[in-house]
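These notes are about the structure you will find just below.
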Amino acid sequence: MRFKKFPALKGATFALLAAILFGASTPFVQGIGVGIGGWMTAALLYAGAATAGFLLRSDQTTEASLQKQHWPRLFLMALFGAVLGPAALAWGLQHTSGVGASLMLTLEAVFTVLLSYLLYREQIGKRVVLAIILLSAGGALLVVDQSDTDASQVIGLLAVMSATIAWGIDNTLSRALADVNPGQVVFGKAVLGASCSLLIALSLGQTVVSLYAGVGLFLIGGIGYGLSLRFYLLAQREFGSARTGSMFAAAPFIGAAIAFGLGERQTSALLIGGVLLMIAGVALHLAEEHEHDHEHDNIDHEHAHTHDDGHHTHTHEVMPQGVHSHRHRHESLVHRHPHTPDLHHGHRH
């Protein structure tokens, strides 16, 4: 009932969980990955993510399966999100501070929101725009706070920024697979990414990895990349790519806070101001309300669903209980209720 009254709350919860897990991973990758090449770091992280995806795969009766037509998109997701993105981040982390790198990741939300609007025309209301502005302003204050440090860190920050561009593209591409079994998507993307990164690492001679670092990066990848990606996909399913990307902007703050706790003790008025702005932006997303008369076109698709949400009125010979998946058809419908740009609300405004 709570989710029906505030439809953004469920998606925001998934997005925040994804942000917490990914944000927490950044300073640990920096600490454990010292001396390891960027490509090998990416390979180990996504080997862990692949294992998490395999272990967390869902029952085929409750989720739509990954199909052949999905593989080209999945390959592009792996290229940008599991090869280029993590390698650039790993390199950047070795050339800048954990706090600075974590804060630079705020730009991922900006690129995701812009691409989601351009490609999917996701409606972005005044409250969401304000939330994005607050999150971006908070991230900007935090980055400015870091600008007085050693100028050599700029190159590392630019590498991290390039990772956010790659992940923004990945996030936008993954929106179209939000209705597919998230375990399969995580597993497929991670296997492709880990394999490509490993081949590049071996060709460049990046083979020096201690047992401690190897196991550490593998575990970080399973939790901070595999499990995080699963939550991210579920969030996109619930309230779209732009909102998920914007909510994910909490990840830099989380990573910076952990880096601070691990020893990078940097406190200033700019830091505190940035944190407050980001908290305000997240709060706006959690309380988002969007309601108007809208029309659903005829559509035939497959995804996990129940029959108590007002959108799945088709019948079965034996009505299933709870979540299940099969191909079904939606007839044209006009109604009014609180909603977000989820799988059934991609209409124009």
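Letters A, B, ... go to the chains of the structure tokens in the order shown; residues in each chain start at 1; ligands are counted from 1 in the same order.
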Applying 10 Å and only C-alpha atoms, which residues near A:Met247 remain after dropping the ones on its own chain fewer than 6 positions away? List them as a PDB file with N, CA, C and O atoms, in the first residue's frame.
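Result file selection.pdb:
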```
ATOM      1  N   GLY A  11      11.218   2.239  -6.391  1.00  0.00           N
ATOM      2  CA  GLY A  11      12.357   2.401  -7.287  1.00  0.00           C
ATOM      3  C   GLY A  11      13.509   3.131  -6.614  1.00  0.00           C
ATOM      4  O   GLY A  11      14.666   2.783  -6.806  1.00  0.00           O
ATOM      5  N   ALA A  12      13.165   4.158  -5.806  1.00  0.00           N
ATOM      6  CA  ALA A  12      14.201   4.909  -5.110  1.00  0.00           C
ATOM      7  C   ALA A  12      14.947   4.038  -4.118  1.00  0.00           C
ATOM      8  O   ALA A  12      16.160   4.175  -3.943  1.00  0.00           O
ATOM      9  N   THR A  13      14.238   3.122  -3.468  1.00  0.00           N
ATOM     10  CA  THR A  13      14.869   2.217  -2.512  1.00  0.00           C
ATOM     11  C   THR A  13      15.890   1.319  -3.205  1.00  0.00           C
ATOM     12  O   THR A  13      17.018   1.153  -2.733  1.00  0.00           O
ATOM     13  N   PHE A  14      15.488   0.748  -4.343  1.00  0.00           N
ATOM     14  CA  PHE A  14      16.420  -0.088  -5.111  1.00  0.00           C
ATOM     15  C   PHE A  14      17.625   0.730  -5.569  1.00  0.00           C
ATOM     16  O   PHE A  14      18.774   0.274  -5.507  1.00  0.00           O
ATOM     17  N   ALA A  15      17.368   1.963  -6.049  1.00  0.00           N
ATOM     18  CA  ALA A  15      18.460   2.807  -6.537  1.00  0.00           C
ATOM     19  C   ALA A  15      19.428   3.169  -5.412  1.00  0.00           C
ATOM     20  O   ALA A  15      20.645   3.197  -5.614  1.00  0.00           O
ATOM     21  N   LEU A  16      18.886   3.439  -4.234  1.00  0.00           N
ATOM     22  CA  LEU A  16      19.746   3.776  -3.100  1.00  0.00           C
ATOM     23  C   LEU A  16      20.589   2.581  -2.663  1.00  0.00           C
ATOM     24  O   LEU A  16      21.762   2.732  -2.318  1.00  0.00           O
ATOM     25  N   ALA A  18      21.602   0.203  -4.638  1.00  0.00           N
ATOM     26  CA  ALA A  18      22.640   0.096  -5.662  1.00  0.00           C
ATOM     27  C   ALA A  18      23.738   1.129  -5.419  1.00  0.00           C
ATOM     28  O   ALA A  18      24.930   0.826  -5.531  1.00  0.00           O
ATOM     29  N   ALA A  19      23.328   2.349  -5.067  1.00  0.00           N
ATOM     30  CA  ALA A  19      24.295   3.421  -4.832  1.00  0.00           C
ATOM     31  C   ALA A  19      25.176   3.132  -3.621  1.00  0.00           C
ATOM     32  O   ALA A  19      26.382   3.371  -3.643  1.00  0.00           O
ATOM     33  N   ALA A 109      25.402  10.550 -12.942  1.00  0.00           N
ATOM     34  CA  ALA A 109      23.967  10.855 -12.909  1.00  0.00           C
ATOM     35  C   ALA A 109      23.602  11.884 -13.970  1.00  0.00           C
ATOM     36  O   ALA A 109      22.561  11.767 -14.636  1.00  0.00           O
ATOM     37  N   VAL A 128      11.818  16.648  -9.992  1.00  0.00           N
ATOM     38  CA  VAL A 128      12.984  15.861 -10.393  1.00  0.00           C
ATOM     39  C   VAL A 128      14.098  16.776 -10.887  1.00  0.00           C
ATOM     40  O   VAL A 128      15.271  16.559 -10.591  1.00  0.00           O
ATOM     41  N   ALA A 131      15.695  18.172  -7.933  1.00  0.00           N
ATOM     42  CA  ALA A 131      16.520  17.148  -7.283  1.00  0.00           C
ATOM     43  C   ALA A 131      17.849  16.988  -8.015  1.00  0.00           C
ATOM     44  O   ALA A 131      18.910  16.882  -7.383  1.00  0.00           O
ATOM     45  N   ILE A 132      17.802  16.985  -9.347  1.00  0.00           N
ATOM     46  CA  ILE A 132      19.022  16.852 -10.143  1.00  0.00           C
ATOM     47  C   ILE A 132      19.943  18.052  -9.917  1.00  0.00           C
ATOM     48  O   ILE A 132      21.167  17.914  -9.779  1.00  0.00           O
ATOM     49  N   LEU A 135      21.529  17.708  -6.461  1.00  0.00           N
ATOM     50  CA  LEU A 135      22.561  16.675  -6.460  1.00  0.00           C
ATOM     51  C   LEU A 135      23.808  17.146  -7.203  1.00  0.00           C
ATOM     52  O   LEU A 135      24.935  16.936  -6.750  1.00  0.00           O
ATOM     53  N   ALA A 235      15.570  -0.987 -10.108  1.00  0.00           N
ATOM     54  CA  ALA A 235      15.162   0.415  -9.958  1.00  0.00           C
ATOM     55  C   ALA A 235      14.702   0.981 -11.296  1.00  0.00           C
ATOM     56  O   ALA A 235      13.678   1.664 -11.380  1.00  0.00           O
ATOM     57  N   SER A 241      15.048   5.273 -16.276  1.00  0.00           N
ATOM     58  CA  SER A 241      16.497   5.407 -16.323  1.00  0.00           C
ATOM     59  C   SER A 241      16.982   6.726 -15.734  1.00  0.00           C
ATOM     60  O   SER A 241      17.965   6.764 -14.990  1.00  0.00           O
ATOM     61  N   MET A 278      23.029  17.139  -1.413  1.00  0.00           N
ATOM     62  CA  MET A 278      22.780  15.804  -1.944  1.00  0.00           C
ATOM     63  C   MET A 278      21.682  15.099  -1.153  1.00  0.00           C
ATOM     64  O   MET A 278      20.829  14.417  -1.728  1.00  0.00           O
ATOM     65  N   GLY A 281      18.416  16.463  -2.335  1.00  0.00           N
ATOM     66  CA  GLY A 281      18.054  15.928  -3.642  1.00  0.00           C
ATOM     67  C   GLY A 281      17.491  14.526  -3.545  1.00  0.00           C
ATOM     68  O   GLY A 281      16.490  14.183  -4.192  1.00  0.00           O
ATOM     69  N   VAL A 282      18.100  13.678  -2.728  1.00  0.00           N
ATOM     70  CA  VAL A 282      17.603  12.312  -2.531  1.00  0.00           C
ATOM     71  C   VAL A 282      16.212  12.340  -1.904  1.00  0.00           C
ATOM     72  O   VAL A 282      15.318  11.596  -2.303  1.00  0.00           O
ATOM     73  N   ALA A 283      15.999  13.227  -0.922  1.00  0.00           N
ATOM     74  CA  ALA A 283      14.705  13.323  -0.249  1.00  0.00           C
ATOM     75  C   ALA A 283      13.612  13.714  -1.235  1.00  0.00           C
ATOM     76  O   ALA A 283      12.479  13.207  -1.164  1.00  0.00           O
ATOM     77  N   LEU A 284      13.915  14.598  -2.175  1.00  0.00           N
ATOM     78  CA  LEU A 284      12.928  14.996  -3.176  1.00  0.00           C
ATOM     79  C   LEU A 284      12.501  13.806  -4.028  1.00  0.00           C
ATOM     80  O   LEU A 284      11.327  13.649  -4.370  1.00  0.00           O
ATOM     81  N   HIS A 285      13.444  12.954  -4.389  1.00  0.00           N
ATOM     82  CA  HIS A 285      13.120  11.768  -5.175  1.00  0.00           C
ATOM     83  C   HIS A 285      12.238  10.803  -4.389  1.00  0.00           C
ATOM     84  O   HIS A 285      11.294  10.224  -4.921  1.00  0.00           O
ATOM     85  N   LEU A 286      12.544  10.608  -3.138  1.00  0.00           N
ATOM     86  CA  LEU A 286      11.784   9.664  -2.321  1.00  0.00           C
ATOM     87  C   LEU A 286      10.324  10.070  -2.206  1.00  0.00           C
ATOM     88  O   LEU A 286       9.440   9.219  -2.118  1.00  0.00           O
TER      89      LEU A 286
END
```
Which residues are close to A:Gly85, i.e. within 9 Å by only C-alpha atoms, leaving aside same-chain residues fewer than 4 positions away? Reply as a list of chain:residue names.
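In the requested form, the answer reads A:Ala42, A:Leu79, A:Phe80, A:Gly81, A:Leu89, A:Ala90, A:Val160, A:Ser162, A:Ala163, A:Thr164, A:Ile165, A:Ala166, A:Trp167, A:Asp170.
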Please save C-alpha atoms of the selected residues as a PDB file, in the first residue's frame.
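Final output, again-v9.pdb:
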```pdb
ATOM      1  CA  ALA A  42      38.285  -4.605 -14.203  1.00  0.00           C
ATOM      2  CA  LEU A  79      31.935  -2.801 -23.517  1.00  0.00           C
ATOM      3  CA  PHE A  80      31.087   0.523 -21.894  1.00  0.00           C
ATOM      4  CA  GLY A  81      30.069  -0.595 -18.409  1.00  0.00           C
ATOM      5  CA  LEU A  89      38.072   4.206 -12.798  1.00  0.00           C
ATOM      6  CA  ALA A  90      40.789   1.806 -11.599  1.00  0.00           C
ATOM      7  CA  VAL A 160      37.295   8.961 -13.423  1.00  0.00           C
ATOM      8  CA  SER A 162      35.633   9.318 -18.527  1.00  0.00           C
ATOM      9  CA  ALA A 163      34.414   6.324 -16.525  1.00  0.00           C
ATOM     10  CA  THR A 164      31.223   8.224 -15.668  1.00  0.00           C
ATOM     11  CA  ILE A 165      30.603   8.880 -19.365  1.00  0.00           C
ATOM     12  CA  ALA A 166      31.007   5.164 -20.122  1.00  0.00           C
ATOM     13  CA  TRP A 167      28.657   4.226 -17.283  1.00  0.00           C
ATOM     14  CA  ASP A 170      25.755   1.747 -20.084  1.00  0.00           C
TER      15      ASP A 170
END
```
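Of the listed residues (A:Ala159, A:Phe187, A:Gln206, A:Ile220), A:Phe187 comes nearest to A:Arg57; the distances count only C-alpha atoms.
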Would you return as a ChimeraX atom specification the members of stretch 55-254 of chain A that DSSP assigns to alpha helix (DSSP H) on this structure's backbone?
/A:55,71-77,85-93,98-104,107-120,126-146,153-174,182-203,211-220,228-239,241-247,250-254
Which residues, written as a list in words, have at least one atom at most 9 Å from A:Pro252, with only C-alpha atoms counted and residues fewer than 2 positions away on the same chain left out?
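Residues meeting the cut-off are Ala19, Phe22, Gly23, Ala24, Thr26, Val99, Ala101, Ser102, Leu103, Met104, Leu105, Thr106, Gly139, Phe248, Ala249, Ala250, Ile254, Gly255, Ala256 and Ala257 of chain A.
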Those same residues, written as an mmCIF file, in the first residue's frame with N, CA, C and O atoms?
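Contents of out.cif, as written:
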```
data_model
loop_
_atom_site.group_PDB
_atom_site.id
_atom_site.type_symbol
_atom_site.label_atom_id
_atom_site.label_comp_id
_atom_site.auth_asym_id
_atom_site.auth_seq_id
_atom_site.Cartn_x
_atom_site.Cartn_y
_atom_site.Cartn_z
ATOM 1 N N ALA A 19 23.328 2.349 -5.067
ATOM 2 C CA ALA A 19 24.295 3.421 -4.832
ATOM 3 C C ALA A 19 25.176 3.132 -3.621
ATOM 4 O O ALA A 19 26.382 3.371 -3.643
ATOM 5 N N PHE A 22 27.696 0.279 -4.577
ATOM 6 C CA PHE A 22 28.719 0.730 -5.522
ATOM 7 C C PHE A 22 29.591 1.820 -4.915
ATOM 8 O O PHE A 22 30.818 1.804 -5.047
ATOM 9 N N GLY A 23 28.952 2.774 -4.238
ATOM 10 C CA GLY A 23 29.710 3.862 -3.631
ATOM 11 C C GLY A 23 30.714 3.360 -2.617
ATOM 12 O O GLY A 23 31.855 3.839 -2.552
ATOM 13 N N ALA A 24 30.300 2.366 -1.825
ATOM 14 C CA ALA A 24 31.198 1.822 -0.802
ATOM 15 C C ALA A 24 32.383 1.100 -1.426
ATOM 16 O O ALA A 24 33.458 1.007 -0.820
ATOM 17 N N THR A 26 34.205 1.927 -4.077
ATOM 18 C CA THR A 26 35.237 2.766 -4.693
ATOM 19 C C THR A 26 36.500 2.919 -3.844
ATOM 20 O O THR A 26 37.609 2.644 -4.330
ATOM 21 N N VAL A 99 38.541 10.344 -1.935
ATOM 22 C CA VAL A 99 37.444 11.304 -1.798
ATOM 23 C C VAL A 99 37.179 11.996 -3.125
ATOM 24 O O VAL A 99 36.042 12.093 -3.583
ATOM 25 N N ALA A 101 37.953 11.055 -6.219
ATOM 26 C CA ALA A 101 37.433 10.129 -7.218
ATOM 27 C C ALA A 101 35.967 9.808 -6.948
ATOM 28 O O ALA A 101 35.145 9.767 -7.873
ATOM 29 N N SER A 102 35.633 9.566 -5.690
ATOM 30 C CA SER A 102 34.249 9.253 -5.340
ATOM 31 C C SER A 102 33.324 10.393 -5.720
ATOM 32 O O SER A 102 32.237 10.187 -6.268
ATOM 33 N N LEU A 103 33.764 11.616 -5.444
ATOM 34 C CA LEU A 103 32.924 12.773 -5.720
ATOM 35 C C LEU A 103 32.761 13.015 -7.216
ATOM 36 O O LEU A 103 31.700 13.435 -7.673
ATOM 37 N N MET A 104 33.791 12.747 -7.989
ATOM 38 C CA MET A 104 33.701 12.932 -9.433
ATOM 39 C C MET A 104 32.649 12.014 -10.058
ATOM 40 O O MET A 104 32.067 12.322 -11.103
ATOM 41 N N LEU A 105 32.342 10.897 -9.398
ATOM 42 C CA LEU A 105 31.349 9.960 -9.914
ATOM 43 C C LEU A 105 29.950 10.562 -9.960
ATOM 44 O O LEU A 105 29.042 9.997 -10.564
ATOM 45 N N THR A 106 29.759 11.726 -9.345
ATOM 46 C CA THR A 106 28.471 12.420 -9.419
ATOM 47 C C THR A 106 28.073 12.674 -10.867
ATOM 48 O O THR A 106 26.886 12.676 -11.213
ATOM 49 N N GLY A 139 27.486 17.865 -5.649
ATOM 50 C CA GLY A 139 28.699 17.255 -6.187
ATOM 51 C C GLY A 139 29.716 18.301 -6.614
ATOM 52 O O GLY A 139 30.916 18.133 -6.404
ATOM 53 N N PHE A 248 21.183 7.549 -8.134
ATOM 54 C CA PHE A 248 22.482 6.892 -8.003
ATOM 55 C C PHE A 248 23.584 7.894 -7.676
ATOM 56 O O PHE A 248 24.696 7.519 -7.314
ATOM 57 N N ALA A 249 23.247 9.183 -7.796
ATOM 58 C CA ALA A 249 24.224 10.220 -7.457
ATOM 59 C C ALA A 249 24.564 10.221 -5.976
ATOM 60 O O ALA A 249 25.488 10.925 -5.549
ATOM 61 N N ALA A 250 23.833 9.445 -5.180
ATOM 62 C CA ALA A 250 24.183 9.317 -3.761
ATOM 63 C C ALA A 250 25.470 8.513 -3.592
ATOM 64 O O ALA A 250 26.148 8.626 -2.558
ATOM 65 N N ILE A 254 28.554 8.495 -0.576
ATOM 66 C CA ILE A 254 28.816 7.303 0.238
ATOM 67 C C ILE A 254 30.295 6.918 0.156
ATOM 68 O O ILE A 254 30.946 6.636 1.163
ATOM 69 N N GLY A 255 30.817 6.902 -1.067
ATOM 70 C CA GLY A 255 32.227 6.571 -1.241
ATOM 71 C C GLY A 255 33.138 7.566 -0.558
ATOM 72 O O GLY A 255 34.138 7.188 0.075
ATOM 73 N N ALA A 256 32.800 8.850 -0.656
ATOM 74 C CA ALA A 256 33.618 9.878 -0.015
ATOM 75 C C ALA A 256 33.584 9.751 1.496
ATOM 76 O O ALA A 256 34.600 9.933 2.178
ATOM 77 N N ALA A 257 32.405 9.423 2.040
ATOM 78 C CA ALA A 257 32.274 9.267 3.489
ATOM 79 C C ALA A 257 33.123 8.106 3.991
ATOM 80 O O ALA A 257 33.782 8.201 5.039
#
```
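All residues of protein, DNA or RNA that reach within 10 Å of A:Leu204, judged by only C-alpha atoms and not counting those fewer than 3 positions away in the chain, are Gly37, Trp39, Met40, Leu198, Leu199, Ile200, Ala201 and Thr207 of chain A.
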Write out the residues from the selection above, keeping C-alpha atoms, as a PDB file, in the first residue's frame.
```pdb
ATOM      1  CA  GLY A  37      46.770  -2.683 -13.874  1.00  0.00           C
ATOM      2  CA  TRP A  39      42.377  -3.878 -17.097  1.00  0.00           C
ATOM      3  CA  MET A  40      43.220  -6.670 -14.648  1.00  0.00           C
ATOM      4  CA  LEU A 198      41.271 -10.245 -19.020  1.00  0.00           C
ATOM      5  CA  LEU A 199      42.359 -10.651 -22.650  1.00  0.00           C
ATOM      6  CA  ILE A 200      43.460  -6.996 -22.785  1.00  0.00           C
ATOM      7  CA  ALA A 201      45.272  -7.312 -19.440  1.00  0.00           C
ATOM      8  CA  THR A 207      49.565 -10.293 -14.699  1.00  0.00           C
TER       9      THR A 207
END
```
What separation in Å, quoted to one decimal, exists between atom CA of A:Gln236 and atom CA of A:Lys10?
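Between these atoms lies a distance of 10.5 Å.
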So the first atom is atom CA of A:Cys196 and the second is atom CA of A:Gly38; what is the distance between them in Å, to one decimal place?
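Atom CA of A:Cys196 sits 12.6 Å away from atom CA of A:Gly38.
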Could you tell me which of A:Val208, A:Phe260, A:Gly138, A:Arg243 comes closest to A:Gly273 if we count only C-alpha atoms?
A:Gly138
What does the distance between atom CA of A:Ser195 and atom CA of A:Gly33 come to in Å, to one decimal place?
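Interatomic distance here is 18.8 Å.
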Might you pull out every residue within 8 Å of A:Asp145, with only C-alpha atoms counted and same-chain residues fewer than 5 positions away left off, and present them as a compact mmCIF listing (two decimals) with N, CA and C atoms, in the first residue's frame?
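Writing done, so here's result_16.txt:
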```
# COMPACT_ATOMS: atom_id res chain seq x y z
N SER A 268 35.33 20.58 5.60
CA SER A 268 35.26 22.00 5.28
C SER A 268 33.81 22.40 5.12
N LEU A 270 32.52 23.66 2.46
CA LEU A 270 32.08 23.19 1.15
C LEU A 270 31.66 21.73 1.21
N LEU A 271 32.42 20.92 1.92
CA LEU A 271 32.09 19.50 2.06
C LEU A 271 30.74 19.33 2.74
```
